[in-house]
file my_file-v7.txt (compact mmCIF, C-alpha atoms)
# COMPACT_ATOMS: atom_id res chain seq x y z
CA MET A 1 111.07 145.05 -18.01
CA MET A 2 107.98 143.48 -16.36
CA LYS A 3 108.65 142.11 -12.88
CA ILE A 4 107.54 138.50 -12.30
CA THR A 5 106.18 138.14 -8.77
CA SER A 6 106.65 134.85 -6.95
CA TYR A 7 103.84 132.98 -5.20
CA HIS A 8 105.39 133.65 -1.77
CA GLU A 9 105.71 137.36 -2.56
CA ASN A 10 102.00 137.41 -3.41
CA LEU A 11 101.21 135.69 -0.10
CA LEU A 12 103.26 138.20 1.86
CA SER A 13 101.60 141.13 0.08
CA ASP A 14 98.13 139.97 1.18
CA LYS A 15 98.01 142.05 4.37
CA GLU A 16 94.52 140.90 5.44
CA ARG A 17 95.52 137.24 5.25
CA LEU A 18 98.66 137.86 7.30
CA ALA A 19 96.82 140.00 9.84
CA VAL A 20 94.23 137.36 10.75
CA PHE A 21 96.84 134.60 11.03
CA PHE A 22 99.08 136.83 13.15
CA GLU A 23 96.17 137.68 15.48
CA ALA A 24 95.24 134.01 15.87
CA ILE A 25 98.85 132.97 16.50
CA THR A 26 99.28 135.72 19.09
CA ASN A 27 96.19 134.41 20.91
CA LYS A 28 96.99 130.68 20.70
CA ALA A 29 100.74 130.05 20.39
CA ARG A 30 102.33 128.34 23.40
CA GLY A 31 104.41 125.27 24.24
CA ILE A 32 105.12 123.14 21.17
CA VAL A 33 103.95 124.52 17.80
CA TYR A 34 103.87 122.90 14.36
CA ASP A 35 103.78 125.15 11.27
CA LEU A 36 102.85 122.80 8.45
CA GLY A 37 103.67 123.96 4.92
CA THR A 38 105.74 126.79 6.39
CA GLY A 39 106.78 128.23 3.01
CA SER A 40 108.96 131.25 3.70
CA GLY A 41 108.59 130.72 7.47
CA VAL A 42 106.69 133.94 8.21
CA LEU A 43 104.05 132.28 10.43
CA ALA A 44 106.67 130.22 12.28
CA ALA A 45 108.55 133.47 12.93
CA LYS A 46 105.43 134.97 14.49
CA ALA A 47 104.93 131.91 16.73
CA ALA A 48 108.57 131.47 17.83
CA PRO A 49 108.75 134.24 20.48
CA LEU A 50 105.57 132.84 22.09
CA ALA A 51 106.44 129.12 22.00
CA ASN A 52 108.89 126.77 23.66
CA HIS A 53 109.69 125.20 20.29
CA VAL A 54 108.39 125.47 16.72
CA TYR A 55 108.65 122.68 14.14
CA ALA A 56 108.37 124.28 10.69
CA VAL A 57 107.68 121.66 8.01
CA GLU A 58 108.12 122.28 4.28
CA LYS A 59 108.14 119.76 1.43
CA ASN A 60 109.65 122.04 -1.22
CA GLU A 61 113.42 122.16 -0.73
CA ILE A 62 113.81 125.67 -2.18
CA SER A 63 111.08 127.05 0.11
CA ALA A 64 112.61 125.16 3.03
CA GLN A 65 115.92 126.93 2.40
CA THR A 66 114.10 130.28 2.42
CA ALA A 67 112.50 129.30 5.74
CA LEU A 68 115.90 128.37 7.15
CA ASN A 69 117.16 131.85 6.27
CA THR A 70 114.06 133.55 7.69
CA LEU A 71 114.20 131.60 10.95
CA SER A 72 117.98 131.38 11.44
CA HIS A 73 118.02 133.87 14.35
CA PHE A 74 115.60 131.77 16.44
CA ASN A 75 117.19 129.08 18.59
CA ASN A 76 113.84 127.38 19.27
CA VAL A 77 112.82 126.61 15.67
CA SER A 78 113.55 123.41 13.73
CA VAL A 79 112.93 123.41 9.97
CA MET A 80 111.96 119.90 8.81
CA VAL A 81 112.06 119.09 5.09
CA GLY A 82 109.39 116.55 4.24
CA ASP A 83 105.75 115.77 3.50
CA ALA A 84 103.63 117.10 6.37
CA SER A 85 101.04 114.37 5.80
CA ARG A 86 103.64 111.68 6.67
CA ILE A 87 106.33 113.22 8.84
CA GLU A 88 106.93 111.91 12.36
CA PHE A 89 107.33 114.54 15.08
CA PRO A 90 109.61 114.11 18.12
CA GLU A 91 107.03 115.57 20.52
CA ASN A 92 103.32 116.35 20.62
CA ALA A 93 101.92 119.79 19.76
CA ASP A 94 100.01 122.37 21.77
CA LEU A 95 99.22 124.20 18.53
CA ILE A 96 99.11 123.20 14.86
CA ILE A 97 99.22 125.96 12.24
CA CYS A 98 98.43 124.98 8.66
CA GLU A 99 97.86 127.63 6.01
CA MET A 100 97.48 125.08 3.19
CA LEU A 101 94.11 126.60 2.26
CA ASP A 102 92.16 126.80 -0.96
CA THR A 103 88.50 127.43 -1.77
CA GLY A 104 86.48 124.47 -0.53
CA LEU A 105 89.78 122.89 0.62
CA ILE A 106 89.82 121.27 -2.84
CA ASP A 107 93.17 122.16 -4.40
CA GLU A 108 95.39 122.11 -1.29
CA GLU A 109 96.23 119.20 1.01
CA LEU A 110 95.06 120.67 4.32
CA ILE A 111 92.63 117.81 5.08
CA PRO A 112 95.12 114.89 4.66
CA VAL A 113 97.84 116.92 6.41
CA ILE A 114 95.66 117.77 9.42
CA LYS A 115 94.35 114.18 9.54
CA HIS A 116 97.94 112.98 10.06
CA ALA A 117 99.11 115.79 12.34
CA ARG A 118 96.06 115.60 14.60
CA SER A 119 97.40 112.30 15.99
CA PHE A 120 100.30 114.35 17.46
CA LEU A 121 98.06 117.06 18.99
CA ARG A 122 97.73 117.19 22.75
CA GLU A 123 94.23 116.67 24.15
CA ASP A 124 93.88 120.36 25.02
CA GLY A 125 95.69 121.55 21.87
CA ASN A 126 94.45 123.93 19.18
CA ILE A 127 94.51 124.07 15.38
CA ILE A 128 94.74 127.24 13.25
CA PRO A 129 92.46 127.39 11.33
CA CYS A 130 89.94 125.57 13.51
CA ALA A 131 87.06 125.41 11.03
CA VAL A 132 85.89 126.27 7.54
CA LEU A 133 82.46 127.32 6.22
CA ASN A 134 81.64 126.69 2.56
CA GLY A 135 78.81 128.40 0.69
CA VAL A 136 77.41 128.20 -2.84
CA GLU A 137 75.36 130.46 -5.13
CA PRO A 138 73.79 129.78 -8.55
CA ILE A 139 75.30 131.94 -11.29
CA ASN A 140 75.05 132.79 -14.97
CA LEU A 141 78.65 132.18 -16.03
CA ARG A 142 79.96 133.74 -19.23
CA ALA A 143 82.77 131.19 -19.54
CA ASP A 144 82.93 127.48 -20.20
CA HIS A 145 85.79 126.67 -17.86
CA LEU A 146 86.42 126.53 -14.11
CA CYS A 147 88.27 129.57 -12.78
CA TYR A 148 88.78 131.79 -9.77
CA GLN A 149 86.69 134.95 -9.68
CA GLU A 150 89.57 137.41 -10.03
CA GLU A 151 90.60 135.68 -13.27
CA LEU A 152 87.17 136.29 -14.83
CA GLY A 153 86.34 139.72 -13.47
CA GLU A 154 82.64 140.58 -13.75
CA TYR A 155 81.76 138.06 -16.48
CA PHE A 156 79.12 136.35 -14.38
CA GLU A 157 75.82 137.17 -12.67
CA VAL A 158 74.71 135.88 -9.28
CA MET A 159 71.22 134.39 -9.66
CA GLY A 160 70.37 133.49 -6.07
CA PRO A 161 71.36 133.87 -2.40
CA LEU A 162 74.37 132.26 -0.77
CA LYS A 163 73.68 128.92 0.90
CA ILE A 164 76.14 127.56 3.48
CA TYR A 165 76.42 123.84 2.77
CA ASP A 166 79.35 122.78 4.94
CA HIS A 167 80.75 123.60 8.39
CA LEU A 168 83.99 121.67 8.73
CA ASP A 169 85.44 121.32 12.23
CA LEU A 170 89.15 120.68 11.64
CA THR A 171 89.60 119.29 15.14
CA ARG A 172 87.47 116.29 14.14
CA GLU A 173 87.72 113.54 11.51
CA ILE A 174 86.57 114.74 8.07
CA ASP A 175 85.61 112.68 5.03
CA GLU A 176 87.54 114.06 2.03
CA LYS A 177 84.77 113.02 -0.41
CA VAL A 178 81.95 115.54 -0.87
CA ASP A 179 78.73 114.37 -2.54
CA LEU A 180 75.80 116.69 -1.80
CA SER A 181 72.33 117.46 -3.14
CA LEU A 182 71.30 121.03 -2.30
CA LYS A 183 68.20 123.14 -2.93
CA LEU A 184 69.05 126.64 -4.23
CA ASN A 185 66.64 129.55 -4.63
CA ILE A 186 66.53 131.80 -7.70
CA ASN A 187 66.13 135.59 -7.33
CA SER A 188 65.63 136.60 -10.96
CA PRO A 189 64.67 135.00 -14.28
CA GLY A 190 67.32 133.98 -16.77
CA LYS A 191 69.86 131.21 -17.15
CA VAL A 192 71.85 129.28 -14.57
CA ASN A 193 74.89 127.44 -15.90
CA GLY A 194 77.28 127.39 -12.98
CA ILE A 195 77.93 127.98 -9.30
CA ARG A 196 80.17 130.18 -7.18
CA ILE A 197 81.80 128.51 -4.15
CA THR A 198 82.86 130.88 -1.36
CA THR A 199 84.85 129.81 1.69
CA PHE A 200 85.02 131.52 5.08
CA THR A 201 87.91 130.57 7.38
CA LEU A 202 87.64 130.46 11.16
CA LEU A 203 91.17 131.01 12.43
CA THR A 204 89.82 130.68 15.98
CA SER A 205 86.27 130.63 17.33
CA ASP A 206 86.47 134.46 17.53
CA ILE A 207 88.35 135.28 14.30
CA ILE A 208 86.74 134.69 10.90
CA CYS A 209 88.09 135.74 7.50
CA GLY A 210 86.30 135.81 4.18
CA PRO A 211 88.05 135.56 0.82
CA THR A 212 91.18 137.65 0.24
CA PRO A 213 93.37 137.80 -2.90
CA MET A 214 95.55 134.92 -1.62
CA LEU A 215 93.16 133.20 0.80
CA ASN A 216 90.32 131.20 -0.73
CA PRO A 217 89.27 133.48 -3.62
CA PRO A 218 85.74 132.54 -4.81
CA LEU A 219 85.67 129.65 -7.29
CA LEU A 220 83.43 129.72 -10.39
CA VAL A 221 82.38 126.26 -11.55
CA PRO A 222 80.48 125.60 -14.82
CA SER A 223 77.53 123.21 -14.89
CA ASN A 224 74.85 122.24 -17.36
CA SER A 225 72.53 125.09 -18.38
CA LEU A 226 69.01 125.60 -17.01
CA THR A 227 66.45 128.31 -17.82
CA VAL A 228 64.99 129.59 -14.54
CA GLU A 229 62.20 131.82 -13.23
CA LYS A 230 62.13 134.17 -10.24
CA ASN A 231 61.43 132.36 -6.95
CA GLN A 232 62.12 128.97 -8.56
CA GLU A 233 63.93 126.33 -6.52
CA ILE A 234 66.59 124.28 -8.30
CA CYS A 235 68.56 121.23 -7.16
CA LEU A 236 72.36 121.16 -7.29
CA ASN A 237 74.37 117.96 -7.14
CA LEU A 238 77.93 118.85 -6.12
CA LYS A 239 80.85 116.43 -5.93
CA TYR A 240 84.56 116.89 -5.26
CA ILE A 241 87.45 115.50 -3.20
CA MET A 242 89.12 117.78 -0.65
CA GLY A 243 92.82 117.69 -1.42
CA GLY A 244 92.07 115.87 -4.69
CA GLY A 245 92.43 118.88 -6.98
CA LEU A 246 90.11 120.97 -9.12
CA ASP A 247 89.68 118.17 -11.67
CA THR A 248 87.52 116.32 -9.12
CA ILE A 249 84.74 118.96 -9.12
CA LYS A 250 81.44 118.03 -10.76
CA ALA A 251 78.34 120.24 -10.61
CA ARG A 252 74.93 119.47 -12.10
CA ILE A 253 71.66 121.37 -11.71
CA ASN A 254 68.04 120.42 -12.42
call {"tool": "encode", "arguments": {"input": "my_file-v7.txt", "output": "structure tokens"}}
result
Amino acid sequence: MMKITSYHENLLSDKERLAVFFEAITNKARGIVYDLGTGSGVLAAKAAPLANHVYAVEKNEISAQTALNTLSHFNNVSVMVGDASRIEFPENADLIICEMLDTGLIDEELIPVIKHARSFLREDGNIIPCAVLNGVEPINLRADHLCYQEELGEYFEVMGPLKIYDHLDLTREIDEKVDLSLKLNINSPGKVNGIRITTFTLLTSDIICGPTPMLNPPLLVPSNSLTVEKNQEICLNLKYIMGGGLDTIKARIN
């Protein structure tokens, strides 16, 4: 019988993702810590021995029960069931951890959650992750639908170099609406009919992580089709809403 693996099991099996979060938490955890979207509670468990108190917030009641079981042997952890973008905390944080990440921050609610939680962060507090870099490449996509790269395999060709178009500092106010016009270079002749968005996560100023199987896998987005020549420059108009979901993405090239 085929085993069906849960989402949280997949997260826990991504050793690179866990390793960079654990390193960042070890470096930054102190005082009062929030773990927003705690899931199974694994990051809260890493922070608890280093903190005075950890508030682990989870909206999903089944996941919250798992977190309660995971964290039951800590006497300095409170599991709070509720929406992290609205919940009121009893004391301000020295550290906010939020692993609600997705490529481009599009299909997860990290931006609205951090926007709310930041009002409870002490002046000298930290956020993990602290920043995100987003990059885009023109591609020849052999599919007519939006998908993550691992779903499609090698059925696409990169047609130009990566261009970083966003450096988001999560300690500052961020506009959820993205509406950009970008110039992209073409390396080889052929057809461009899509883009690949790649996200790099800065856990701290010294720890950066590229895509992993469960952390921001590259996103392939179809666009209109354009025949291109080597060394040509094309213009991409890219729109989406961070936290608004994948249906908000629109890409057009000319």
call {"tool": "closest_residue", "arguments": {"input": "my_file-v7.txt", "among": "A:Gly153, A:Pro49, A:Gly39, A:Gly125", "to": "Met100 in chain A", "atoms": "all atoms listed in the file"}}
result
A:Gly39
call {"tool": "atom_distance", "arguments": {"input": "my_file-v7.txt", "atom1": "CA of Glu157 in chain A", "atom2": "CA of Ile241 in chain A"}}
result
26.4 Å
call {"tool": "atom_distance", "arguments": {"input": "my_file-v7.txt", "atom1": "CA of Lys59 in chain A", "atom2": "CA of Glu123 in chain A"}}
result
26.8 Å
call {"tool": "closest_residue", "arguments": {"input": "my_file-v7.txt", "among": "A:Leu68, A:Thr199, A:Asn92, A:Thr103", "to": "His167 in chain A", "atoms": "only C-alpha atoms"}}
result
A:Thr199
call {"tool": "residues_around", "arguments": {"input": "my_file-v7.txt", "residues": "range 76-81 of chain A", "least_positions_apart": "6", "cutoff": "7 Å", "atoms": "all atoms listed in the file", "output": "number ranges by chain"}}
result
A: 48, 52-59, 61, 64, 68
call {"tool": "closest_atom_pairs", "arguments": {"input": "my_file-v7.txt", "of": "range 90-198 of chain A", "to": "range 18-31 of chain A", "cutoff": "8 Å", "atoms": "only C-alpha atoms", "output": "Markdown table"}}
result
| residue | atom | partner | partner_atom | distance |
| --- | --- | --- | --- | --- |
| A:Ala93 | CA | A:Gly31 | CA | 7.5 |
| A:Asp94 | CA | A:Gly31 | CA | 5.8 |
| A:Leu95 | CA | A:Ala29 | CA | 6.3 |
| A:Asn126 | CA | A:Lys28 | CA | 7.4 |
| A:Ile128 | CA | A:Ala24 | CA | 7.3 |
call {"tool": "closest_residue", "arguments": {"input": "my_file-v7.txt", "among": "A:Glu91, A:Asp83, A:Glu154, A:Asp102", "to": "Gly210 in chain A", "atoms": "only C-alpha atoms"}}
result
A:Asp102
call {"tool": "residues_around", "arguments": {"input": "my_file-v7.txt", "residues": "Leu170 in chain A", "least_positions_apart": "3", "cutoff": "8 Å", "atoms": "all atoms listed in the file", "output": "list in words"}}
result
Ile111, Ile114, Ile127, Pro129, Cys130, Ala131, Val132, Glu173 and Ile174 of chain A
call {"tool": "closest_residue", "arguments": {"input": "my_file-v7.txt", "among": "A:Phe156, A:Tyr165, A:Phe120, A:Phe74", "to": "Lys191 in chain A", "atoms": "all atoms listed in the file"}}
result
A:Phe156
